Every structure is written in C-alpha cells, then in structure tokens.
file entry_16.cif (mmCIF, C-alpha atoms)
data_my_file
loop_
_atom_site.label_atom_id
_atom_site.label_comp_id
_atom_site.auth_asym_id
_atom_site.auth_seq_id
_atom_site.Cartn_x
_atom_site.Cartn_y
_atom_site.Cartn_z
CA GLY A 256 0.00 0.00 0.00
CA ALA A 257 0.87 3.65 -0.17
CA VAL A 258 3.29 5.10 2.35
CA VAL A 259 2.76 8.13 4.53
CA SER A 260 5.61 9.37 6.67
CA GLN A 261 5.75 11.73 9.62
CA HIS A 262 8.64 13.65 11.07
CA PRO A 263 9.67 13.74 13.79
CA SER A 264 8.52 10.48 15.32
CA TRP A 265 8.77 11.99 18.77
CA VAL A 266 9.55 15.39 20.23
CA ILE A 267 10.03 16.83 23.69
CA CYS A 268 9.75 20.56 24.11
CA LYS A 269 9.44 23.20 26.77
CA SER A 270 6.13 24.84 27.52
CA GLY A 271 5.61 27.94 25.41
CA THR A 272 7.62 26.81 22.41
CA SER A 273 6.25 25.88 19.01
CA VAL A 274 6.61 22.50 17.38
CA LYS A 275 6.22 21.63 13.71
CA ILE A 276 5.21 18.16 12.56
CA GLU A 277 5.52 17.12 8.92
CA CYS A 278 3.34 14.64 7.07
CA ARG A 279 4.41 13.39 3.66
CA SER A 280 2.81 11.11 1.13
CA LEU A 281 5.76 9.29 -0.38
CA ASP A 282 4.40 7.63 -3.49
CA PHE A 283 1.23 9.50 -4.35
CA GLN A 284 -0.03 13.05 -4.43
CA ALA A 285 -2.54 13.82 -1.74
CA THR A 286 -4.81 16.80 -2.23
CA THR A 287 -6.38 16.07 1.13
CA MET A 288 -4.71 15.15 4.38
CA PHE A 289 -6.19 14.71 7.82
CA TRP A 290 -4.70 15.43 11.24
CA TYR A 291 -5.78 13.36 14.24
CA ARG A 292 -4.92 13.45 17.91
CA GLN A 293 -4.96 10.40 20.14
CA PHE A 294 -4.72 10.43 23.93
CA PRO A 295 -3.74 7.23 25.76
CA LYS A 296 -6.40 4.53 25.52
CA GLN A 297 -8.66 6.90 23.63
CA SER A 298 -9.90 6.93 20.07
CA LEU A 299 -8.43 9.01 17.29
CA MET A 300 -10.09 12.40 17.14
CA LEU A 301 -10.05 14.35 13.91
CA MET A 302 -8.57 17.79 14.43
CA ALA A 303 -8.65 19.21 10.94
CA THR A 304 -8.79 18.47 7.25
CA SER A 305 -5.98 19.92 5.19
CA ASN A 306 -6.61 20.71 1.54
CA GLU A 307 -3.73 21.55 -0.76
CA GLY A 308 -3.70 25.20 -1.71
CA SER A 309 -6.52 26.26 0.58
CA LYS A 310 -7.26 26.82 4.23
CA ALA A 311 -7.69 23.87 6.52
CA THR A 312 -11.08 22.97 7.91
CA TYR A 313 -11.00 22.61 11.67
CA GLU A 314 -13.26 20.47 13.81
CA GLN A 315 -15.37 22.07 16.48
CA GLY A 316 -13.34 22.84 19.57
CA VAL A 317 -9.97 22.85 17.82
CA GLU A 318 -8.24 26.22 17.94
CA LYS A 319 -7.03 27.12 14.47
CA ASP A 320 -4.63 29.74 15.80
CA LYS A 321 -3.01 27.20 18.08
CA PHE A 322 -2.79 24.34 15.58
CA LEU A 323 -1.56 25.88 12.35
CA ILE A 324 -1.88 23.70 9.29
CA ASN A 325 -0.15 24.32 6.00
CA HIS A 326 -0.64 22.13 2.93
CA ALA A 327 1.58 23.91 0.44
CA SER A 328 2.30 20.97 -1.84
CA LEU A 329 0.60 17.79 -2.97
CA THR A 330 2.91 15.66 -0.86
CA LEU A 331 3.42 17.68 2.30
CA SER A 332 1.22 18.98 5.08
CA THR A 333 2.55 20.48 8.29
CA LEU A 334 0.97 20.91 11.70
CA THR A 335 2.48 23.51 13.98
CA VAL A 336 1.54 23.47 17.63
CA THR A 337 2.09 27.05 18.73
CA SER A 338 2.91 27.99 22.31
CA ALA A 339 2.65 24.39 23.37
CA HIS A 340 1.47 23.51 26.87
CA PRO A 341 1.57 20.23 28.79
CA GLU A 342 -2.06 19.53 27.91
CA ASP A 343 -1.04 19.45 24.25
CA SER A 344 1.06 16.37 24.95
CA SER A 345 -0.44 13.65 22.80
CA PHE A 346 0.07 11.36 19.83
CA TYR A 347 -0.54 13.15 16.55
CA ILE A 348 -1.32 11.07 13.47
CA CYS A 349 -1.76 12.28 9.92
CA SER A 350 -3.56 10.54 7.11
CA ALA A 351 -3.53 11.14 3.38
CA ARG A 352 -6.41 10.47 1.06
CA VAL A 353 -5.62 8.71 -2.18
CA PRO A 354 -6.76 10.92 -5.07
CA GLY A 355 -9.91 9.91 -6.86
CA THR A 356 -11.25 7.89 -3.97
CA SER A 357 -13.50 10.45 -2.36
CA GLY A 358 -16.59 8.91 -3.87
CA LEU A 359 -19.24 7.20 -1.82
CA GLY A 360 -17.80 4.38 0.23
CA VAL A 361 -14.56 4.02 -1.68
CA GLU A 362 -12.42 6.59 0.01
CA THR A 363 -8.98 5.29 0.81
CA GLN A 364 -6.77 6.85 3.45
CA TYR A 365 -3.29 5.84 4.48
CA PHE A 366 -2.06 6.69 7.94
CA GLY A 367 1.32 7.91 9.04
CA PRO A 368 3.25 6.33 11.91
CA GLY A 369 2.40 9.14 14.30
CA THR A 370 4.36 11.75 16.27
CA ARG A 371 4.57 11.59 20.03
CA LEU A 372 4.68 15.10 21.55
CA LEU A 373 5.65 15.67 25.16
CA VAL A 374 5.49 19.22 26.47
CA LEU A 375 7.31 19.80 29.74
CA LYS B 11 -23.49 12.16 16.33
CA GLN B 12 -21.96 8.80 15.52
CA GLU B 13 -20.52 6.96 18.52
CA VAL B 14 -18.38 3.87 18.16
CA THR B 15 -17.91 1.49 21.09
CA GLN B 16 -15.52 -1.43 21.29
CA ILE B 17 -15.85 -4.22 23.82
CA PRO B 18 -13.85 -5.54 25.55
CA ALA B 19 -11.41 -2.67 26.04
CA ALA B 20 -8.64 -5.16 26.78
CA LEU B 21 -8.22 -8.90 26.76
CA SER B 22 -5.53 -11.52 27.09
CA VAL B 23 -5.73 -14.96 25.52
CA PRO B 24 -3.37 -17.92 25.32
CA GLU B 25 -1.74 -18.56 21.99
CA GLY B 26 -3.89 -20.65 19.68
CA GLU B 27 -7.23 -19.44 20.95
CA ASN B 28 -9.61 -17.60 18.67
CA LEU B 29 -10.14 -13.89 19.26
CA VAL B 30 -13.52 -12.19 19.06
CA LEU B 31 -13.57 -8.40 19.10
CA ASN B 32 -16.79 -6.43 19.08
CA CYS B 33 -17.62 -3.02 17.68
CA SER B 34 -20.95 -1.21 17.86
CA PHE B 35 -22.04 2.09 16.34
CA THR B 36 -25.07 4.22 17.02
CA ASP B 37 -25.96 5.45 13.53
CA SER B 38 -26.52 2.72 10.97
CA ALA B 39 -26.25 5.16 8.05
CA ILE B 40 -22.67 4.35 7.17
CA TYR B 41 -20.73 3.92 3.94
CA ASN B 42 -18.36 1.34 5.28
CA LEU B 43 -16.66 0.00 8.36
CA GLN B 44 -12.96 -0.59 8.70
CA TRP B 45 -10.80 -2.51 11.14
CA PHE B 46 -7.29 -1.26 11.84
CA ARG B 47 -4.37 -2.57 13.81
CA GLN B 48 -2.23 -0.22 15.88
CA ASP B 49 1.00 -1.31 17.52
CA PRO B 50 2.21 0.66 20.57
CA GLY B 51 3.39 4.12 19.58
CA LYS B 52 2.74 3.44 15.92
CA GLY B 53 0.29 4.46 13.25
CA LEU B 54 -2.62 2.50 11.84
CA THR B 55 -2.57 -0.41 9.47
CA SER B 56 -5.80 -1.22 7.67
CA LEU B 57 -6.86 -4.86 8.08
CA LEU B 58 -10.30 -5.17 6.54
CA LEU B 59 -12.86 -2.86 5.01
CA ILE B 60 -16.51 -3.85 4.73
CA GLN B 61 -18.80 -1.86 2.48
CA SER B 62 -22.27 -1.11 3.84
CA SER B 63 -23.78 -3.55 1.34
CA GLN B 64 -21.54 -6.40 2.45
CA ARG B 65 -21.96 -8.82 5.34
CA GLU B 66 -18.36 -9.89 5.83
CA GLN B 67 -14.80 -9.74 4.61
CA THR B 68 -12.02 -12.26 5.07
CA SER B 69 -8.27 -12.03 4.87
CA GLY B 70 -6.22 -15.00 6.00
CA ARG B 71 -6.95 -15.68 9.65
CA LEU B 72 -9.07 -12.56 9.93
CA ASN B 73 -12.79 -12.38 9.34
CA ALA B 74 -14.95 -9.33 9.91
CA SER B 75 -18.74 -9.34 9.87
CA LEU B 76 -21.10 -6.41 9.60
CA ASP B 77 -24.72 -6.15 10.69
CA LYS B 78 -25.51 -2.61 9.69
CA SER B 79 -29.12 -2.63 10.85
CA SER B 80 -28.14 -3.51 14.40
CA GLY B 81 -25.02 -1.36 14.32
CA ARG B 82 -22.53 -4.13 15.00
CA SER B 83 -19.36 -5.58 13.62
CA THR B 84 -17.22 -8.42 14.88
CA LEU B 85 -13.60 -9.14 14.09
CA TYR B 86 -12.57 -12.78 14.41
CA ILE B 87 -8.93 -13.76 14.53
CA ALA B 88 -8.43 -17.48 14.27
CA ALA B 89 -5.64 -19.37 16.02
CA SER B 90 -4.13 -16.32 17.65
CA GLN B 91 -0.37 -15.80 17.70
CA PRO B 92 1.84 -13.62 19.92
CA GLY B 93 2.39 -11.38 16.90
CA ASP B 94 -1.32 -10.57 16.96
CA SER B 95 -0.78 -8.59 20.17
CA ALA B 96 -1.82 -5.03 19.37
CA THR B 97 -4.73 -2.63 19.64
CA TYR B 98 -7.50 -3.14 17.12
CA LEU B 99 -9.50 -0.10 16.13
CA CYS B 100 -12.91 -0.07 14.52
CA ALA B 101 -13.93 2.92 12.43
CA VAL B 102 -17.06 3.78 10.48
CA ARG B 103 -17.25 6.16 7.59
CA ARG B 104 -20.39 8.23 7.75
CA PRO B 105 -21.94 10.39 5.06
CA GLY B 106 -23.14 13.94 4.83
CA GLU B 107 -20.34 15.72 6.65
CA GLY B 108 -18.20 17.12 3.91
CA ASN B 109 -15.26 14.81 3.89
CA ASN B 110 -17.02 11.57 4.78
CA ARG B 111 -14.72 11.24 7.70
CA LEU B 112 -14.04 8.29 9.94
CA ALA B 113 -15.37 7.89 13.48
CA PHE B 114 -13.13 5.67 15.59
CA GLY B 115 -13.71 3.51 18.62
CA LYS B 116 -11.24 3.44 21.51
CA GLY B 117 -9.91 0.07 20.48
CA ASN B 118 -9.60 -3.49 21.76
CA GLN B 119 -6.18 -3.98 23.33
CA VAL B 120 -5.14 -7.59 22.77
CA VAL B 121 -2.34 -9.57 24.37
CA VAL B 122 -1.68 -13.09 23.10
CA ILE B 123 0.27 -15.06 25.68
CA PRO B 124 2.83 -17.53 24.30
#

call {"tool": "encode", "arguments": {"input": "entry_16.cif", "output": "structure tokens"}}
result
Amino acid sequence: GAVVSQHPSWVICKSGTSVKIECRSLDFQATTMFWYRQFPKQSLMLMATSNEGSKATYEQGVEKDKFLINHASLTLSTLTVTSAHPEDSSFYICSARVPGTSGLGVETQYFGPGTRLLVL
Amino acid sequence: KQEVTQIPAALSVPEGENLVLNCSFTDSAIYNLQWFRQDPGKGLTSLLLIQSSQREQTSGRLNASLDKSSGRSTLYIAASQPGDSATYLCAVRRPGEGNNRLAFGKGNQVVVIP
C-alpha cells in the first residue's frame, strides 16, 4: 500500500515553544490530508482536514490559531503546535487520502506512523 | 453524532485461541466499516474494510462481519499468535459531513500469551 511518513517520530519541548510536525505522502499526491490526535487509551479524534492550496477545515473545539496547518504541496502537510502547553502532549497522526477515492464508500486513506509530543 | 464502542477494552488470551472483538455504532447510516491494527506508539494499518452492502470480509486468519441494521461488527482472529498482540481499532465512515470522515472507537487492546 501507499506510504505516509511523519517527522519527527517523537519530540520533547518546553512549555511555550512551538513545534512543527511534517506529514508526507511518499508515493502518491494527496490533495487532502487529515490530522488526528490520540490520547492514551482513547480513540483518534479528527482535528482538521488539510486541503492543498486552501485553508484547513477545523473540527469544532480545535483552535485554528493554536494548531496551524499548512498544505503547500501535494505531498506535504505540516501541523504547527504554537505555544505548546503540557495539555497538548499527545500522539498526533496524519492521514492522506488517495486521489480519486472520495466517492461514496470508496475513500482510501493511508495513515502515518504518528508523532509523540511531550510538552514539559 | 456517531458513537463507536468497542468491547472488551482489553483482553488476554493464550496462543492458539480464537479472538472475538466487538464493535458497535449508534448510527446505521454508514458507507463502510474498517478494522485497523495499531501497535504501541505506531500508526494505523488497515486490516479489513466492509462496504455497507456487504456482510463480511475475510483475509487469511481474519474475518470481519457487519450487521448494519443492528449497528454491530465483529472481528474474528483465528488461532491467535503472539504477533497478533496489538490494539485493534474499529472505524465507520459516515456520510453527509463534507469529507465523509471516519469515526473511531477506543480500540480493543489484545495480548496473546505464548
């Protein structure tokens, strides 16, 4: 299957700093990518949908000014956690939609390996 | 709002036993249901995808059934192996919300004891 990578795989930062996480689709061009957050023993929660060349669509309750998303190319989306705080510590997973699969019931998404963020 | 529940949250079985993992969802209007595997600290690997019109899908030792009207799916893993130890996530794709996004359960955490 298609490969989606994330960098870094883990990061530790001080409270108040900003952290950037990259999501890349390695062997296909993804016009749409998704960012999820997963707390321990919890389900994946969609944070935002990133569309290449346009503004991201954020889920209710997700602060767009805190979680900046940029999808400047067809293979790269970035999530920047600005002024990170300990409560932002979580596992962040991106997913890329395979082009042409957004029709009813056939959508295919590939998931990245995740980025573990720890804010001290 | 679609809610996905997975029972049991965690289970341990001796090697060789069959595994039965349950998933239920509150809104039966779905496009498909997907089972994923997640290893600790890792991303998701898709195992099986069942379209709303299908009753089951099989891949090797894995079999997933879907009863859309009752909002249930079951993942069977035959003759479990230690390598099957992981968290199994159930997700349903629901319509009418722009990007047809997935709603995930919290997972079934499985440990297969050698």

call {"tool": "interface_residues", "arguments": {"input": "entry_16.cif", "of": "chain A", "to": "chain B", "cutoff": "7 Å", "atoms": "only C-alpha atoms", "output": "PyMOL selection string"}}
result
chain A and resi 296-299+348+359-360+366-369

call {"tool": "resolve_selection", "arguments": {"input": "entry_16.cif", "expression": "the PyMOL selection byres ((chain A and resi 288-295) around 8)", "output": "PyMOL selection string"}}
result
chain A and resi 285-287+296-306+332+334+345-352

call {"tool": "atom_distance", "arguments": {"input": "entry_16.cif", "atom1": "atom CA of Tyr313 of chain A", "atom2": "atom CA of Pro50 of chain B"}}
result
27.1 Å

call {"tool": "atom_distance", "arguments": {"input": "entry_16.cif", "atom1": "atom CA of Ala88 of chain B", "atom2": "atom CA of Arg71 of chain B"}}
result
5.2 Å

call {"tool": "residues_near_point", "arguments": {"input": "entry_16.cif", "point": "(8.0, 23.2, 29.7)", "cutoff": "8 Å", "atoms": "all atoms listed in the file", "output": "PyMOL selection string"}}
result
chain A and resi 268-271+340-341+374-375

call {"tool": "atom_distance", "arguments": {"input": "entry_16.cif", "atom1": "atom CA of Val121 of chain B", "atom2": "atom CA of Leu72 of chain B"}}
result
16.2 Å

call {"tool": "residues_near_point", "arguments": {"input": "entry_16.cif", "point": "(-20.5, -8.1, 5.5)", "cutoff": "9 Å", "atoms": "all atoms listed in the file", "output": "JSON, numbers by chain"}}
result
{"B": [60, 61, 62, 63, 64, 65, 66, 67, 74, 75, 76, 77, 78, 83]}

call {"tool": "write_last_selection", "arguments": {"input": "entry_16.cif", "atoms": "C-alpha atoms", "output": "PDB file, in the coordinates of the input"}}
result
ATOM      1  CA  ILE B  60     -16.510  -3.850   4.730  1.00  0.00           C
ATOM      2  CA  GLN B  61     -18.800  -1.860   2.480  1.00  0.00           C
ATOM      3  CA  SER B  62     -22.270  -1.110   3.840  1.00  0.00           C
ATOM      4  CA  SER B  63     -23.780  -3.550   1.340  1.00  0.00           C
ATOM      5  CA  GLN B  64     -21.540  -6.400   2.450  1.00  0.00           C
ATOM      6  CA  ARG B  65     -21.960  -8.820   5.340  1.00  0.00           C
ATOM      7  CA  GLU B  66     -18.360  -9.890   5.830  1.00  0.00           C
ATOM      8  CA  GLN B  67     -14.800  -9.740   4.610  1.00  0.00           C
ATOM      9  CA  ALA B  74     -14.950  -9.330   9.910  1.00  0.00           C
ATOM     10  CA  SER B  75     -18.740  -9.340   9.870  1.00  0.00           C
ATOM     11  CA  LEU B  76     -21.100  -6.410   9.600  1.00  0.00           C
ATOM     12  CA  ASP B  77     -24.720  -6.150  10.690  1.00  0.00           C
ATOM     13  CA  LYS B  78     -25.510  -2.610   9.690  1.00  0.00           C
ATOM     14  CA  SER B  83     -19.360  -5.580  13.620  1.00  0.00           C
TER      15      SER B  83
END

call {"tool": "axis_aligned_box", "arguments": {"input": "entry_16.cif", "around": "segment 38-41 of chain B", "padding_each_side": "3 Å", "output": "JSON"}}
result
{"center_x": -23.6, "center_y": 3.9, "center_z": 7.5, "size_x": 11.8, "size_y": 8.4, "size_z": 13.0}

call {"tool": "residues_around", "arguments": {"input": "entry_16.cif", "residues": "Glu318 of chain A", "least_positions_apart": "3", "cutoff": "12 Å", "atoms": "all atoms listed in the file", "output": "list in words"}}
result
Met302, Ala303, Ala311, Thr312, Tyr313, Glu314, Gln315, Lys321, Phe322, Leu323, Ile324, Thr335, Val336, Thr337 and Asp343 of chain A

call {"tool": "closest_residue", "arguments": {"input": "entry_16.cif", "among": "B:Thr84, B:Asn73, B:Thr68, B:Gln12", "to": "Cys33 of chain B", "atoms": "all atoms listed in the file"}}
result
B:Thr84

call {"tool": "build_atoms", "arguments": {"input": "entry_16.cif", "residues": "segment 292-312 of chain A", "atoms": "N, CA, C and O atoms", "output": "PDB file, in the coordinates of the input"}}
result
ATOM      1  N   ARG A 292      -5.614  13.463  16.629  1.00  0.00           N
ATOM      2  CA  ARG A 292      -4.920  13.450  17.910  1.00  0.00           C
ATOM      3  C   ARG A 292      -5.449  12.258  18.702  1.00  0.00           C
ATOM      4  O   ARG A 292      -6.653  11.967  18.668  1.00  0.00           O
ATOM      5  N   GLN A 293      -4.560  11.579  19.377  1.00  0.00           N
ATOM      6  CA  GLN A 293      -4.960  10.400  20.140  1.00  0.00           C
ATOM      7  C   GLN A 293      -4.341  10.470  21.530  1.00  0.00           C
ATOM      8  O   GLN A 293      -3.116  10.460  21.674  1.00  0.00           O
ATOM      9  N   PHE A 294      -5.185  10.503  22.547  1.00  0.00           N
ATOM     10  CA  PHE A 294      -4.720  10.430  23.930  1.00  0.00           C
ATOM     11  C   PHE A 294      -4.685   8.959  24.342  1.00  0.00           C
ATOM     12  O   PHE A 294      -5.376   8.124  23.745  1.00  0.00           O
ATOM     13  N   PRO A 295      -3.884   8.629  25.357  1.00  0.00           N
ATOM     14  CA  PRO A 295      -3.740   7.230  25.760  1.00  0.00           C
ATOM     15  C   PRO A 295      -5.075   6.526  25.994  1.00  0.00           C
ATOM     16  O   PRO A 295      -5.953   7.063  26.668  1.00  0.00           O
ATOM     17  N   LYS A 296      -5.205   5.371  25.403  1.00  0.00           N
ATOM     18  CA  LYS A 296      -6.400   4.530  25.520  1.00  0.00           C
ATOM     19  C   LYS A 296      -7.669   5.229  25.048  1.00  0.00           C
ATOM     20  O   LYS A 296      -8.784   4.868  25.451  1.00  0.00           O
ATOM     21  N   GLN A 297      -7.502   6.206  24.197  1.00  0.00           N
ATOM     22  CA  GLN A 297      -8.660   6.900  23.630  1.00  0.00           C
ATOM     23  C   GLN A 297      -8.680   6.708  22.107  1.00  0.00           C
ATOM     24  O   GLN A 297      -7.697   6.265  21.514  1.00  0.00           O
ATOM     25  N   SER A 298      -9.782   7.063  21.518  1.00  0.00           N
ATOM     26  CA  SER A 298      -9.900   6.930  20.070  1.00  0.00           C
ATOM     27  C   SER A 298      -9.219   8.091  19.370  1.00  0.00           C
ATOM     28  O   SER A 298      -8.897   9.109  19.985  1.00  0.00           O
ATOM     29  N   LEU A 299      -8.983   7.916  18.094  1.00  0.00           N
ATOM     30  CA  LEU A 299      -8.430   9.010  17.290  1.00  0.00           C
ATOM     31  C   LEU A 299      -9.516  10.067  17.108  1.00  0.00           C
ATOM     32  O   LEU A 299     -10.650   9.760  16.748  1.00  0.00           O
ATOM     33  N   MET A 300      -9.147  11.307  17.338  1.00  0.00           N
ATOM     34  CA  MET A 300     -10.090  12.400  17.140  1.00  0.00           C
ATOM     35  C   MET A 300      -9.591  13.286  16.011  1.00  0.00           C
ATOM     36  O   MET A 300      -8.449  13.758  16.045  1.00  0.00           O
ATOM     37  N   LEU A 301     -10.429  13.507  15.027  1.00  0.00           N
ATOM     38  CA  LEU A 301     -10.050  14.350  13.910  1.00  0.00           C
ATOM     39  C   LEU A 301      -9.926  15.790  14.378  1.00  0.00           C
ATOM     40  O   LEU A 301     -10.836  16.323  15.027  1.00  0.00           O
ATOM     41  N   MET A 302      -8.795  16.394  14.064  1.00  0.00           N
ATOM     42  CA  MET A 302      -8.570  17.790  14.430  1.00  0.00           C
ATOM     43  C   MET A 302      -8.925  18.705  13.266  1.00  0.00           C
ATOM     44  O   MET A 302      -9.584  19.731  13.454  1.00  0.00           O
ATOM     45  N   ALA A 303      -8.445  18.337  12.082  1.00  0.00           N
ATOM     46  CA  ALA A 303      -8.650  19.210  10.940  1.00  0.00           C
ATOM     47  C   ALA A 303      -8.409  18.450   9.651  1.00  0.00           C
ATOM     48  O   ALA A 303      -7.732  17.422   9.630  1.00  0.00           O
ATOM     49  N   THR A 304      -8.986  18.996   8.598  1.00  0.00           N
ATOM     50  CA  THR A 304      -8.790  18.470   7.250  1.00  0.00           C
ATOM     51  C   THR A 304      -7.989  19.504   6.480  1.00  0.00           C
ATOM     52  O   THR A 304      -8.363  20.689   6.424  1.00  0.00           O
ATOM     53  N   SER A 305      -6.907  19.037   5.893  1.00  0.00           N
ATOM     54  CA  SER A 305      -5.980  19.920   5.190  1.00  0.00           C
ATOM     55  C   SER A 305      -6.125  19.722   3.681  1.00  0.00           C
ATOM     56  O   SER A 305      -5.966  18.617   3.186  1.00  0.00           O
ATOM     57  N   ASN A 306      -6.447  20.781   2.983  1.00  0.00           N
ATOM     58  CA  ASN A 306      -6.610  20.710   1.540  1.00  0.00           C
ATOM     59  C   ASN A 306      -5.511  21.524   0.865  1.00  0.00           C
ATOM     60  O   ASN A 306      -5.284  22.689   1.216  1.00  0.00           O
ATOM     61  N   GLU A 307      -4.846  20.907  -0.078  1.00  0.00           N
ATOM     62  CA  GLU A 307      -3.730  21.550  -0.760  1.00  0.00           C
ATOM     63  C   GLU A 307      -4.165  22.852  -1.414  1.00  0.00           C
ATOM     64  O   GLU A 307      -5.165  22.892  -2.140  1.00  0.00           O
ATOM     65  N   GLY A 308      -3.439  23.914  -1.098  1.00  0.00           N
ATOM     66  CA  GLY A 308      -3.700  25.200  -1.710  1.00  0.00           C
ATOM     67  C   GLY A 308      -4.837  25.998  -1.117  1.00  0.00           C
ATOM     68  O   GLY A 308      -5.169  27.077  -1.618  1.00  0.00           O
ATOM     69  N   SER A 309      -5.441  25.499  -0.057  1.00  0.00           N
ATOM     70  CA  SER A 309      -6.520  26.260   0.580  1.00  0.00           C
ATOM     71  C   SER A 309      -6.431  26.120   2.090  1.00  0.00           C
ATOM     72  O   SER A 309      -5.608  25.362   2.615  1.00  0.00           O
ATOM     73  N   LYS A 310      -7.292  26.847   2.770  1.00  0.00           N
ATOM     74  CA  LYS A 310      -7.260  26.820   4.230  1.00  0.00           C
ATOM     75  C   LYS A 310      -7.785  25.494   4.762  1.00  0.00           C
ATOM     76  O   LYS A 310      -8.674  24.882   4.169  1.00  0.00           O
ATOM     77  N   ALA A 311      -7.239  25.102   5.891  1.00  0.00           N
ATOM     78  CA  ALA A 311      -7.690  23.870   6.520  1.00  0.00           C
ATOM     79  C   ALA A 311      -9.073  24.061   7.138  1.00  0.00           C
ATOM     80  O   ALA A 311      -9.457  25.176   7.509  1.00  0.00           O
ATOM     81  N   THR A 312      -9.778  22.970   7.246  1.00  0.00           N
ATOM     82  CA  THR A 312     -11.080  22.970   7.910  1.00  0.00           C
ATOM     83  C   THR A 312     -10.917  22.327   9.273  1.00  0.00           C
ATOM     84  O   THR A 312     -10.536  21.163   9.372  1.00  0.00           O
TER      85      THR A 312
END
